[in-house]
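Here's the structure, in structure tokens; my notes come after.
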Amino acid sequence: MTTDPEHDARTAKAAIRRQLRAARRALPRASREAAAQQLAAHAPALPGWRAGARIAAYVAADGELDPAPLLAAASADGLLVYLPRVGDDSALTFHPWVPGDPLLPNRYGIGEPAASGALPVDALDVLCLPLVGFSVAGTRLGMGAGYYDRTLAASRPRLLAGLAYDCQAVDTLPQEPWDVPLDGVLTETGWRPRRAPA
């Protein structure tokens with residue numbers, strides 16, 4: 001009997017994804033809100049955090065760590081803020097947004113900026129991605145739809161930072177050829193740079 005490594009990786013990821021999504025959603029609302037504020041307090045530790053830098057994040061859904069306070073802090077510190085839009089090809093484009101400006105719901109009901117003028121991914125100084133799970137080696141486990149994988153296949157920002165709760169950390173994650181490693185993860189307790197394998 002032969003095994004299919006790709007199928008095995010997908011199966012393992014699906015099991016880990018279910019477990020970590022449940023843990024994330026089980027966090028009390030007060031804990032989530034506190035974590036979002038703590039995340040914002042730690043944000044200046046991100047490499048590349050400076051006035052004039054271009055930072056992109058996301059609109060939280062499904063219990064994701066909410067980057068709204070981080071983006072408000074970025075704007076107050078003079079960073080330029082961008083949010084994603086989902087294109088017809090299921091790739092993401094990043095558009096300017098000022099915290100407080102209205103957002104338009106996309107086909108999934110997630111808010112997107114109305115402004116045009118997409119910025120190329122490689123022109124971003126910092127891209128903050130949502131996570132379901134992450135490893136110390138910088139492997140990211142997303143929701144499984146591949147939006148960020150497709151977006152980052154051809155180019156990447158100067159810093160690729162995951163945003164997650166500490167409870168989403170795992171020792172190792174299955175890796176597939178298209179997985180783009182993170183430079184690190186920002187959690188409610190601070191910046192965790194990617195560790196090289198021992």
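Every chain in the structure tokens takes a letter, A first, then B, and so on in the order presented; its residues are numbered from 1, and the ligands are numbered from 1 following the presented order.
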| said: Would you pick out the contacts of Pro174 of chain A at 8 Å or less, using only C-alpha atoms, so that residues sharing its chain but fewer than 5 positions from it are not included, and give the list as a count of residues only? | reply: 3
| request: Within 12 Å of Gln175 of chain A, counting only C-alpha atoms, which residues show up once you throw out same-chain ones fewer than 2 positions away? Write them as number ranges by chain, please. | output: A: 5-13, 134-135, 137-142, 172-173, 177-181
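Relative to atom CA of Thr151 of chain A, atom CA of Ala35 of chain A is found at 27.5 Å.
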| said: Which residues are near segment 192-196 of chain A? Cut-off 8 Å, only C-alpha atoms, ignore same chain within fewer than 5 positions. Put them as a PyMOL selection string. | reply: chain A and resi 136-138+182-187
Go ahead and save the picked residues with C-alpha atoms, as a PDB file, in the first residue's frame.
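File written: selection_6.pdb
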ATOM      1  CA  VAL A 136       7.950  28.383  15.642  1.00  0.00           C
ATOM      2  CA  ALA A 137       9.520  27.608  12.240  1.00  0.00           C
ATOM      3  CA  GLY A 138       7.197  30.143  10.586  1.00  0.00           C
ATOM      4  CA  LEU A 182       6.177  33.827   7.872  1.00  0.00           C
ATOM      5  CA  ASP A 183       8.929  36.094   9.157  1.00  0.00           C
ATOM      6  CA  GLY A 184       7.297  35.868  12.547  1.00  0.00           C
ATOM      7  CA  VAL A 185       4.040  36.113  14.465  1.00  0.00           C
ATOM      8  CA  LEU A 186       2.694  38.916  16.647  1.00  0.00           C
ATOM      9  CA  THR A 187       0.534  37.695  19.529  1.00  0.00           C
TER      10      THR A 187
END
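Each of A:Ala169, A:Leu46, A:Ala41, A:Met143 was checked against Arg17 of chain A using only C-alpha atoms; the smallest atom-to-atom distance is that of A:Met143.
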| task | Determine which residues of segment 38-193 of chain A receive a DSSP assignment of helix (DSSP H, G or I), computed from the backbone, and state them as a PyMOL selection string. | result | chain A and resi 38-45+68-76+121-123+147-152+166-168
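Distances here use only C-alpha atoms; by that measure, the residue among A:Leu65, A:Ala14, A:Ala34, A:Leu80 closest to Phe94 of chain A is A:Leu80.
Using only C-alpha atoms, the residues found no farther than 12 Å from Leu27 of chain A, other than those of its own chain fewer than 4 positions away, are Leu20, Arg21, Ala22, Ala23, Ser31, Arg32, Glu33, Ala34, Ala35, Asp62, Gly63, Glu64, Leu65, Tyr165, Asp166, Cys167 and Gln168 of chain A.
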Keeping N, CA, C and O atoms, export the residues of the selection given above as a PDB file, in the first residue's frame.
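Result file part_8.pdb:
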ATOM      1  N   LEU A  20      -7.848  23.934  16.277  1.00  0.00           N
ATOM      2  CA  LEU A  20      -7.427  25.292  16.611  1.00  0.00           C
ATOM      3  C   LEU A  20      -8.529  26.324  16.383  1.00  0.00           C
ATOM      4  O   LEU A  20      -8.626  27.302  17.123  1.00  0.00           O
ATOM      5  N   ARG A  21      -9.373  26.098  15.372  1.00  0.00           N
ATOM      6  CA  ARG A  21     -10.509  27.018  15.181  1.00  0.00           C
ATOM      7  C   ARG A  21     -11.454  26.935  16.372  1.00  0.00           C
ATOM      8  O   ARG A  21     -11.980  27.943  16.840  1.00  0.00           O
ATOM      9  N   ALA A  22     -11.669  25.722  16.873  1.00  0.00           N
ATOM     10  CA  ALA A  22     -12.543  25.554  18.038  1.00  0.00           C
ATOM     11  C   ALA A  22     -11.944  26.256  19.257  1.00  0.00           C
ATOM     12  O   ALA A  22     -12.661  26.932  20.008  1.00  0.00           O
ATOM     13  N   ALA A  23     -10.622  26.132  19.446  1.00  0.00           N
ATOM     14  CA  ALA A  23      -9.962  26.791  20.579  1.00  0.00           C
ATOM     15  C   ALA A  23     -10.062  28.304  20.457  1.00  0.00           C
ATOM     16  O   ALA A  23     -10.319  29.009  21.447  1.00  0.00           O
ATOM     17  N   SER A  31     -11.686  38.298  26.588  1.00  0.00           N
ATOM     18  CA  SER A  31     -10.295  37.892  26.344  1.00  0.00           C
ATOM     19  C   SER A  31      -9.853  38.278  24.945  1.00  0.00           C
ATOM     20  O   SER A  31      -8.720  38.724  24.733  1.00  0.00           O
ATOM     21  N   ARG A  32     -10.741  38.125  23.959  1.00  0.00           N
ATOM     22  CA  ARG A  32     -10.417  38.514  22.583  1.00  0.00           C
ATOM     23  C   ARG A  32     -10.162  40.014  22.478  1.00  0.00           C
ATOM     24  O   ARG A  32      -9.224  40.450  21.816  1.00  0.00           O
ATOM     25  N   GLU A  33     -11.045  40.786  23.132  1.00  0.00           N
ATOM     26  CA  GLU A  33     -10.899  42.250  23.071  1.00  0.00           C
ATOM     27  C   GLU A  33      -9.612  42.695  23.764  1.00  0.00           C
ATOM     28  O   GLU A  33      -8.907  43.575  23.265  1.00  0.00           O
ATOM     29  N   ALA A  34      -9.303  42.088  24.899  1.00  0.00           N
ATOM     30  CA  ALA A  34      -8.065  42.420  25.604  1.00  0.00           C
ATOM     31  C   ALA A  34      -6.852  42.058  24.763  1.00  0.00           C
ATOM     32  O   ALA A  34      -5.874  42.822  24.680  1.00  0.00           O
ATOM     33  N   ALA A  35      -6.903  40.899  24.100  1.00  0.00           N
ATOM     34  CA  ALA A  35      -5.788  40.469  23.248  1.00  0.00           C
ATOM     35  C   ALA A  35      -5.574  41.439  22.094  1.00  0.00           C
ATOM     36  O   ALA A  35      -4.437  41.742  21.732  1.00  0.00           O
ATOM     37  N   ASP A  62     -14.659  34.946  12.116  1.00  0.00           N
ATOM     38  CA  ASP A  62     -14.535  33.592  12.650  1.00  0.00           C
ATOM     39  C   ASP A  62     -13.614  33.503  13.870  1.00  0.00           C
ATOM     40  O   ASP A  62     -12.837  32.571  14.016  1.00  0.00           O
ATOM     41  N   GLY A  63     -13.653  34.515  14.720  1.00  0.00           N
ATOM     42  CA  GLY A  63     -12.852  34.485  15.941  1.00  0.00           C
ATOM     43  C   GLY A  63     -11.401  34.877  15.770  1.00  0.00           C
ATOM     44  O   GLY A  63     -10.600  34.735  16.701  1.00  0.00           O
ATOM     45  N   GLU A  64     -11.007  35.349  14.568  1.00  0.00           N
ATOM     46  CA  GLU A  64      -9.615  35.781  14.343  1.00  0.00           C
ATOM     47  C   GLU A  64      -9.262  36.928  15.286  1.00  0.00           C
ATOM     48  O   GLU A  64     -10.128  37.718  15.683  1.00  0.00           O
ATOM     49  N   LEU A  65      -7.992  37.021  15.615  1.00  0.00           N
ATOM     50  CA  LEU A  65      -7.520  38.136  16.432  1.00  0.00           C
ATOM     51  C   LEU A  65      -7.737  39.426  15.650  1.00  0.00           C
ATOM     52  O   LEU A  65      -7.282  39.562  14.515  1.00  0.00           O
ATOM     53  N   TYR A 165      -3.498  34.489  18.432  1.00  0.00           N
ATOM     54  CA  TYR A 165      -3.450  34.326  19.880  1.00  0.00           C
ATOM     55  C   TYR A 165      -2.343  33.327  20.219  1.00  0.00           C
ATOM     56  O   TYR A 165      -2.021  32.436  19.430  1.00  0.00           O
ATOM     57  N   ASP A 166      -1.794  33.453  21.411  1.00  0.00           N
ATOM     58  CA  ASP A 166      -0.773  32.494  21.851  1.00  0.00           C
ATOM     59  C   ASP A 166      -1.278  31.049  21.782  1.00  0.00           C
ATOM     60  O   ASP A 166      -0.514  30.134  21.490  1.00  0.00           O
ATOM     61  N   CYS A 167      -2.576  30.845  22.026  1.00  0.00           N
ATOM     62  CA  CYS A 167      -3.123  29.486  22.049  1.00  0.00           C
ATOM     63  C   CYS A 167      -3.135  28.831  20.668  1.00  0.00           C
ATOM     64  O   CYS A 167      -3.436  27.643  20.547  1.00  0.00           O
ATOM     65  N   GLN A 168      -2.785  29.585  19.619  1.00  0.00           N
ATOM     66  CA  GLN A 168      -2.762  29.025  18.270  1.00  0.00           C
ATOM     67  C   GLN A 168      -1.386  28.487  17.874  1.00  0.00           C
ATOM     68  O   GLN A 168      -1.214  28.007  16.756  1.00  0.00           O
TER      69      GLN A 168
END
| task | Have a look at A:Ile16, A:Leu129, A:Ala56, A:Ala45 and name the one nearest to Asp149 of chain A; count only C-alpha atoms. | result | A:Leu129
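Proximity ranking of A:Ala15, A:Ala51, A:Ala164, A:Ala91 relative to Gly190 of chain A places A:Ala164 first, based on only C-alpha atoms.
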| task | Check chain A with DSSP on the backbone and list each residue it calls strand (DSSP E or B), as a PyMOL selection string. | result | chain A and resi 54-56+80-86+92-96+103-105+111-113+119+126-130+133-135+140-141+159-163+169-170+184-187+190-193
Could you turn the residues from that selection into a file that holds N, CA and C atoms, as a short mmCIF file (atom, residue, chain, number, x, y, z; two decimals), in the first residue's frame?
data_model
loop_
_atom_site.label_atom_id
_atom_site.label_comp_id
_atom_site.auth_asym_id
_atom_site.auth_seq_id
_atom_site.Cartn_x
_atom_site.Cartn_y
_atom_site.Cartn_z
N ARG A 54 4.11 51.28 4.81
CA ARG A 54 2.82 50.77 4.33
C ARG A 54 2.54 49.44 5.01
N ILE A 55 1.43 49.38 5.73
CA ILE A 55 1.05 48.17 6.46
C ILE A 55 -0.34 47.72 6.02
N ALA A 56 -0.49 46.44 5.79
CA ALA A 56 -1.79 45.86 5.44
C ALA A 56 -2.15 44.81 6.47
N LEU A 80 0.82 54.11 6.71
CA LEU A 80 -0.27 54.09 5.73
C LEU A 80 -0.91 52.71 5.78
N VAL A 81 -2.23 52.68 5.92
CA VAL A 81 -2.95 51.44 6.18
C VAL A 81 -3.65 50.94 4.90
N TYR A 82 -3.60 49.63 4.70
CA TYR A 82 -4.24 48.97 3.56
C TYR A 82 -5.02 47.76 4.04
N LEU A 83 -6.12 47.47 3.34
CA LEU A 83 -6.91 46.27 3.61
C LEU A 83 -7.13 45.51 2.31
N PRO A 84 -7.38 44.20 2.41
CA PRO A 84 -7.54 43.41 1.18
C PRO A 84 -8.95 43.45 0.60
N ARG A 85 -8.98 43.21 -0.70
CA ARG A 85 -10.22 42.90 -1.42
C ARG A 85 -10.00 41.56 -2.10
N VAL A 86 -11.05 40.74 -2.14
CA VAL A 86 -10.98 39.45 -2.83
C VAL A 86 -11.37 39.67 -4.28
N LEU A 92 -5.94 38.29 -3.66
CA LEU A 92 -6.19 39.50 -2.88
C LEU A 92 -5.46 40.69 -3.48
N THR A 93 -6.11 41.85 -3.43
CA THR A 93 -5.45 43.11 -3.76
C THR A 93 -5.59 44.00 -2.52
N PHE A 94 -4.65 44.90 -2.33
CA PHE A 94 -4.61 45.71 -1.11
C PHE A 94 -4.85 47.17 -1.44
N HIS A 95 -5.84 47.77 -0.73
CA HIS A 95 -6.31 49.10 -1.04
C HIS A 95 -6.19 50.01 0.18
N PRO A 96 -5.96 51.31 -0.04
CA PRO A 96 -5.82 52.23 1.09
C PRO A 96 -7.11 52.32 1.92
N LEU A 103 -16.67 50.33 5.40
CA LEU A 103 -16.26 49.15 4.63
C LEU A 103 -17.49 48.56 3.94
N LEU A 104 -17.29 48.00 2.76
CA LEU A 104 -18.38 47.39 2.02
C LEU A 104 -18.28 45.87 2.14
N PRO A 105 -19.37 45.17 2.45
CA PRO A 105 -19.29 43.71 2.59
C PRO A 105 -19.02 43.03 1.24
N GLY A 111 -15.98 42.95 5.48
CA GLY A 111 -15.80 44.31 5.00
C GLY A 111 -14.54 44.49 4.17
N GLU A 112 -14.68 45.30 3.11
CA GLU A 112 -13.55 45.64 2.25
C GLU A 112 -13.54 47.16 2.03
N PRO A 113 -12.36 47.73 1.79
CA PRO A 113 -12.30 49.18 1.55
C PRO A 113 -12.91 49.54 0.20
N LEU A 119 -2.28 48.56 -4.15
CA LEU A 119 -0.82 48.61 -4.01
C LEU A 119 -0.27 47.20 -4.25
N VAL A 126 4.83 45.90 5.55
CA VAL A 126 4.39 44.87 6.48
C VAL A 126 3.03 44.35 6.01
N LEU A 127 2.92 43.04 5.91
CA LEU A 127 1.62 42.41 5.64
C LEU A 127 1.30 41.50 6.82
N CYS A 128 0.21 41.83 7.52
CA CYS A 128 -0.24 41.05 8.67
C CYS A 128 -1.35 40.11 8.22
N LEU A 129 -1.11 38.82 8.36
CA LEU A 129 -2.05 37.80 7.89
C LEU A 129 -2.80 37.18 9.06
N PRO A 130 -4.06 36.79 8.81
CA PRO A 130 -4.77 36.02 9.83
C PRO A 130 -4.27 34.58 9.83
N GLY A 133 -3.35 28.64 12.80
CA GLY A 133 -2.28 28.11 13.63
C GLY A 133 -0.93 28.49 13.06
N PHE A 134 0.11 28.38 13.88
CA PHE A 134 1.46 28.69 13.42
C PHE A 134 2.47 27.87 14.22
N SER A 135 3.62 27.65 13.60
CA SER A 135 4.71 26.94 14.28
C SER A 135 5.87 27.91 14.48
N ARG A 140 2.58 28.65 8.50
CA ARG A 140 1.27 29.22 8.78
C ARG A 140 0.18 28.24 8.35
N LEU A 141 -0.82 28.08 9.21
CA LEU A 141 -2.00 27.31 8.85
C LEU A 141 -3.15 28.30 8.72
N LEU A 159 8.00 42.40 5.07
CA LEU A 159 7.81 41.61 6.29
C LEU A 159 6.45 40.93 6.22
N LEU A 160 6.46 39.63 6.41
CA LEU A 160 5.24 38.83 6.42
C LEU A 160 5.00 38.38 7.86
N ALA A 161 4.01 39.00 8.50
CA ALA A 161 3.77 38.77 9.93
C ALA A 161 2.40 38.15 10.15
N GLY A 162 2.35 37.03 10.83
CA GLY A 162 1.07 36.47 11.23
C GLY A 162 0.57 37.18 12.48
N LEU A 163 -0.75 37.24 12.62
CA LEU A 163 -1.37 37.75 13.86
C LEU A 163 -2.19 36.61 14.44
N ALA A 169 -0.42 28.55 18.78
CA ALA A 169 0.93 28.04 18.50
C ALA A 169 0.95 26.52 18.63
N VAL A 170 1.63 25.88 17.69
CA VAL A 170 1.85 24.43 17.74
C VAL A 170 3.34 24.17 17.48
N GLY A 184 7.57 35.96 11.12
CA GLY A 184 7.30 35.87 12.55
C GLY A 184 5.82 36.05 12.80
N VAL A 185 5.44 35.97 14.07
CA VAL A 185 4.04 36.11 14.46
C VAL A 185 3.96 37.08 15.63
N LEU A 186 2.98 37.99 15.55
CA LEU A 186 2.69 38.92 16.65
C LEU A 186 1.48 38.39 17.39
N THR A 187 1.64 38.17 18.69
CA THR A 187 0.53 37.69 19.53
C THR A 187 0.27 38.72 20.62
N GLY A 190 3.52 39.52 22.38
CA GLY A 190 4.67 40.14 21.71
C GLY A 190 5.05 39.49 20.39
N TRP A 191 6.16 39.96 19.83
CA TRP A 191 6.66 39.54 18.52
C TRP A 191 7.47 38.26 18.68
N ARG A 192 7.16 37.26 17.86
CA ARG A 192 7.88 35.98 17.87
C ARG A 192 8.51 35.79 16.50
N PRO A 193 9.80 36.13 16.34
CA PRO A 193 10.42 35.91 15.03
C PRO A 193 10.53 34.42 14.71
#
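Straight-line separation from atom CA of Ala114 of chain A to atom CA of Pro44 of chain A: 27.2 Å.
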| message | Just want the 9 Å neighbourhood of Arg150 of chain A, counted on only C-alpha atoms, with same-chain residues fewer than 2 positions away dropped. Output as a list in words. | response | Ser90, Ala91, Leu92, Gly146, Tyr147, Tyr148, Leu152, Ala153, Ala154 and Trp178 of chain A
| What is the atom CA of Gly100 of chain A-atom CA of Ala72 of chain A distance in Å, reported with one decimal? | 8.6 Å
| query | For Gly52 of chain A, which residue among A:Gly109, A:Pro69, A:Gly78, A:Pro28 is the nearest when counting only C-alpha atoms? | reply | A:Gly78
